[in-house]
Amino acid sequence: MKRNNVNVIAAAAFTTAVYALSAGPTYADPFMDQVKAEVVKFAGPQSEWHGPTSAPKPDPGKLIVYMSTDEQNDASREWGQAIQEAGSKIGWKVNIIDGHGTPVGWQQGLNQAIALKADGIVTNADAASLKEIIKDANDKGIVVVGIHATAFPGPQPDVGLFVNIQQDPRDIGRAQADWIIENSDGKARVVVTSHCEYAIACAKAHATEARIKECPGCQVLEFNSSPIAEVAQRQSPLVTAWVQKYGTPLYITSVADYTADYQIPALRAGGVDPKDVIIVSADGNKSAYERIRAGGQYQLVTASEPYKMQGYQAIDELNRAFHKMPPSGFVQTPYLVTPENIHNEGGDKNTFIPSNNYEEKYLSLWGAKS
């Protein structure tokens with residue numbers, strides 16, 4: 001009887017071993033585990049406040065000028081509206097000047113702001129191209145704050161900015177790549193696009209490229225940079241050429257939803273199945289939210305910017321500068337908008353509004369009423 005039990009146990013052990021071998025070995029994949037954890041972070045709730053916890057009380061009566069690169073652009077317009085709203089809470093007047101989307105317009109706009117004898121200027125124009133005018137503003141005692149005005153966030157003394165406000169483009173690019181790697185199960189074939197006349201755009205796209213190249217089973221098929229001013233003319237034939245050259249499935253990244261606006265019609269006109277080509281973009285424009293929400297529109301992801309919160313941050317940074325204090329050091333983590341979270345964090349309003357009560361936080365710091 002004991003011998004039979006031993007035989008049964010041995011047979012069971014042998015069967016289990018054979019089954020395990022036939023099922024194939026299982027391996028830990030630290031890279032994919034890291035990718036999945038980062039996607040959870042980037043696409044998860046944005047409820048924690050990582051901004052400043054103290055600030056000087058603002059002095060009323062300041063004149064601030066927001067020089068917008070182009071008021072026809074969603075992001076440019078929303079930043080100005082938020083700066084105006086936040087400024088009004090502390091008794092500051094905010095004028096908005098439209099740069100009309102051209103370098104000449106930006107130069108004229110900044111010179112107009114200087115002529116108005118503004119106490120502070122906020123601009124989202126490329127600061128390096130306006131360095132001499134910004135220096136003139138600084139020489140006249142005007143504080144200049146950038147939003148997306150240089151490649152990276154933080155103080156930018158080389159171009160005359162007290163601080164530049166934005167998410168870190170390297171983190172945005174990495175977040176885009178992480179989503180693609182996870183979505184493709186580590187087998188993505190990717191065309192990375194950019195507009196490298198802007199330092200921030202180039203940094204973002206190269207971060208996407210670098211992260212995709214870390215994935216053993218993924219391929220960067222092409223890195224393409226073309227001027228953003230020529231998006232309407234170039235993107236349609238480019239997208240058509242990529243599909244013909246590389247086939248599908250295919251991922252196409254862009255540094256701005258504005259670029260995707262012109263990529264997607266070409267795919268639709270070519271009869272490409274939305275499941276075969278997936279667009280991953282950035283900025284969080286209304287058009288991107290609408291496409292992600294509708295489904296079947298090629299774009300599944302945007303790395304969205306918290307425009308209104310950044311406008312409030314611009315007022316806070318100016319206030320610190322007026323009181324001879326350093327910048328706050330606040331840099332918001334990127335947020336991936338996907339079909340799964342499209343209704344969260346302001347998604348019902350087609351914009352990224354972090355659930356961290358930033359407005360109340362800033363007003364409390366300033367001693368202002370909501």
# chains A, B, ... in the order shown; residues from 1 in each chain; ligands from 1

call {"tool": "residues_around", "arguments": {"residues": "Gly247 in chain A", "least_positions_apart": "4", "cutoff": "10 Å", "atoms": "only C-alpha atoms", "output": "number ranges by chain"}}
result
A: 189, 241-243, 276-277

call {"tool": "write_last_selection", "arguments": {"atoms": "C-alpha atoms", "output": "mmCIF file, in the first residue's frame"}}
result
data_model
loop_
_atom_site.group_PDB
_atom_site.id
_atom_site.type_symbol
_atom_site.label_atom_id
_atom_site.label_comp_id
_atom_site.auth_asym_id
_atom_site.auth_seq_id
_atom_site.Cartn_x
_atom_site.Cartn_y
_atom_site.Cartn_z
ATOM 1 C CA ARG A 189 7.053 49.925 -35.193
ATOM 2 C CA ALA A 241 4.426 57.792 -47.808
ATOM 3 C CA TRP A 242 5.049 56.212 -44.396
ATOM 4 C CA VAL A 243 2.134 53.819 -44.740
ATOM 5 C CA ASP A 276 -3.620 49.638 -38.155
ATOM 6 C CA VAL A 277 -2.190 53.127 -37.588
#

call {"tool": "residues_around", "arguments": {"residues": "Gly296 in chain A", "least_positions_apart": "3", "cutoff": "12 Å", "atoms": "only C-alpha atoms", "output": "list of chain:residue names"}}
result
A:Ile264, A:Leu267, A:Arg268, A:Val272, A:Asp273, A:Pro274, A:Lys275, A:Asp276, A:Val277, A:Ile278, A:Ile279, A:Glu290, A:Arg291, A:Ile292, A:Arg293, A:Gln299, A:Leu300, A:Pro339

call {"tool": "atom_distance", "arguments": {"atom1": "CA of Thr193 in chain A", "atom2": "CA of Ser254 in chain A"}}
result
5.0 Å

call {"tool": "select_by_dssp", "arguments": {"residues": "range 75-123 of chain A", "states": "strand (DSSP E or B)", "output": "ChimeraX atom specification"}}
result
/A:93-98,120-123

call {"tool": "residues_around", "arguments": {"residues": "range 144-155 of chain A", "least_positions_apart": "5", "cutoff": "10 Å", "atoms": "only C-alpha atoms", "output": "VMD selection string"}}
result
chain A and resid 64 to 68 76 79 118 to 130 134 to 135 137 to 138 160 to 170 198 to 204 307 310 to 311 313 to 315 317 to 318 321 326 to 332

call {"tool": "closest_residue", "arguments": {"among": "A:Gln34, A:Asn344, A:Gln46, A:Gln112", "to": "Tyr358 in chain A", "atoms": "only C-alpha atoms"}}
result
A:Gln46

call {"tool": "closest_residue", "arguments": {"among": "A:Thr253, A:Thr240, A:Gln108, A:Thr248", "to": "Ala205 in chain A", "atoms": "only C-alpha atoms"}}
result
A:Thr253

call {"tool": "residues_around", "arguments": {"residues": "range 27-31 of chain A", "least_positions_apart": "6", "cutoff": "12 Å", "atoms": "only C-alpha atoms", "output": "compact mmCIF listing (two decimals) with N, CA, C and O atoms, in the first residue's frame"}}
result
# COMPACT_ATOMS: atom_id res chain seq x y z
N ALA A 37 4.43 50.24 -15.06
CA ALA A 37 4.32 51.06 -13.85
C ALA A 37 4.30 52.55 -14.20
O ALA A 37 3.56 53.34 -13.60
N GLU A 38 5.10 52.94 -15.19
CA GLU A 38 5.14 54.34 -15.58
C GLU A 38 3.85 54.76 -16.27
O GLU A 38 3.36 55.88 -16.08
N ASP A 178 6.33 55.00 -23.51
CA ASP A 178 5.90 53.95 -22.59
C ASP A 178 4.53 53.41 -22.98
O ASP A 178 4.30 52.20 -22.98
N ILE A 181 4.88 51.27 -26.11
CA ILE A 181 5.52 49.98 -25.82
C ILE A 181 4.54 49.03 -25.15
O ILE A 181 4.44 47.86 -25.52
N GLU A 182 3.80 49.52 -24.17
CA GLU A 182 2.84 48.66 -23.49
C GLU A 182 1.71 48.24 -24.43
O GLU A 182 1.33 47.08 -24.49
N ASP A 185 2.68 45.55 -26.74
CA ASP A 185 3.29 44.41 -26.06
C ASP A 185 4.76 44.28 -26.44
O ASP A 185 5.26 43.17 -26.66
N GLY A 186 5.42 45.44 -26.53
CA GLY A 186 6.85 45.44 -26.79
C GLY A 186 7.24 45.13 -28.22
O GLY A 186 8.36 44.69 -28.47
N ARG A 211 13.56 56.27 -25.86
CA ARG A 211 12.86 55.27 -25.05
C ARG A 211 12.40 54.09 -25.90
O ARG A 211 12.52 52.93 -25.47
N ILE A 212 11.90 54.36 -27.11
CA ILE A 212 11.49 53.27 -27.99
C ILE A 212 12.69 52.37 -28.30
O ILE A 212 12.59 51.14 -28.35
N GLU A 214 15.08 51.65 -26.40
CA GLU A 214 15.39 50.80 -25.25
C GLU A 214 14.60 49.50 -25.27
O GLU A 214 14.94 48.55 -24.57
N CYS A 215 13.51 49.49 -26.04
CA CYS A 215 12.63 48.31 -26.10
C CYS A 215 13.21 47.29 -27.07
O CYS A 215 13.31 47.58 -28.27
N PRO A 216 13.58 46.11 -26.60
CA PRO A 216 14.27 45.13 -27.46
C PRO A 216 13.48 44.72 -28.70
O PRO A 216 14.07 44.49 -29.75
N GLY A 217 12.15 44.65 -28.59
CA GLY A 217 11.35 44.19 -29.72
C GLY A 217 10.73 45.29 -30.55
O GLY A 217 9.93 45.02 -31.45
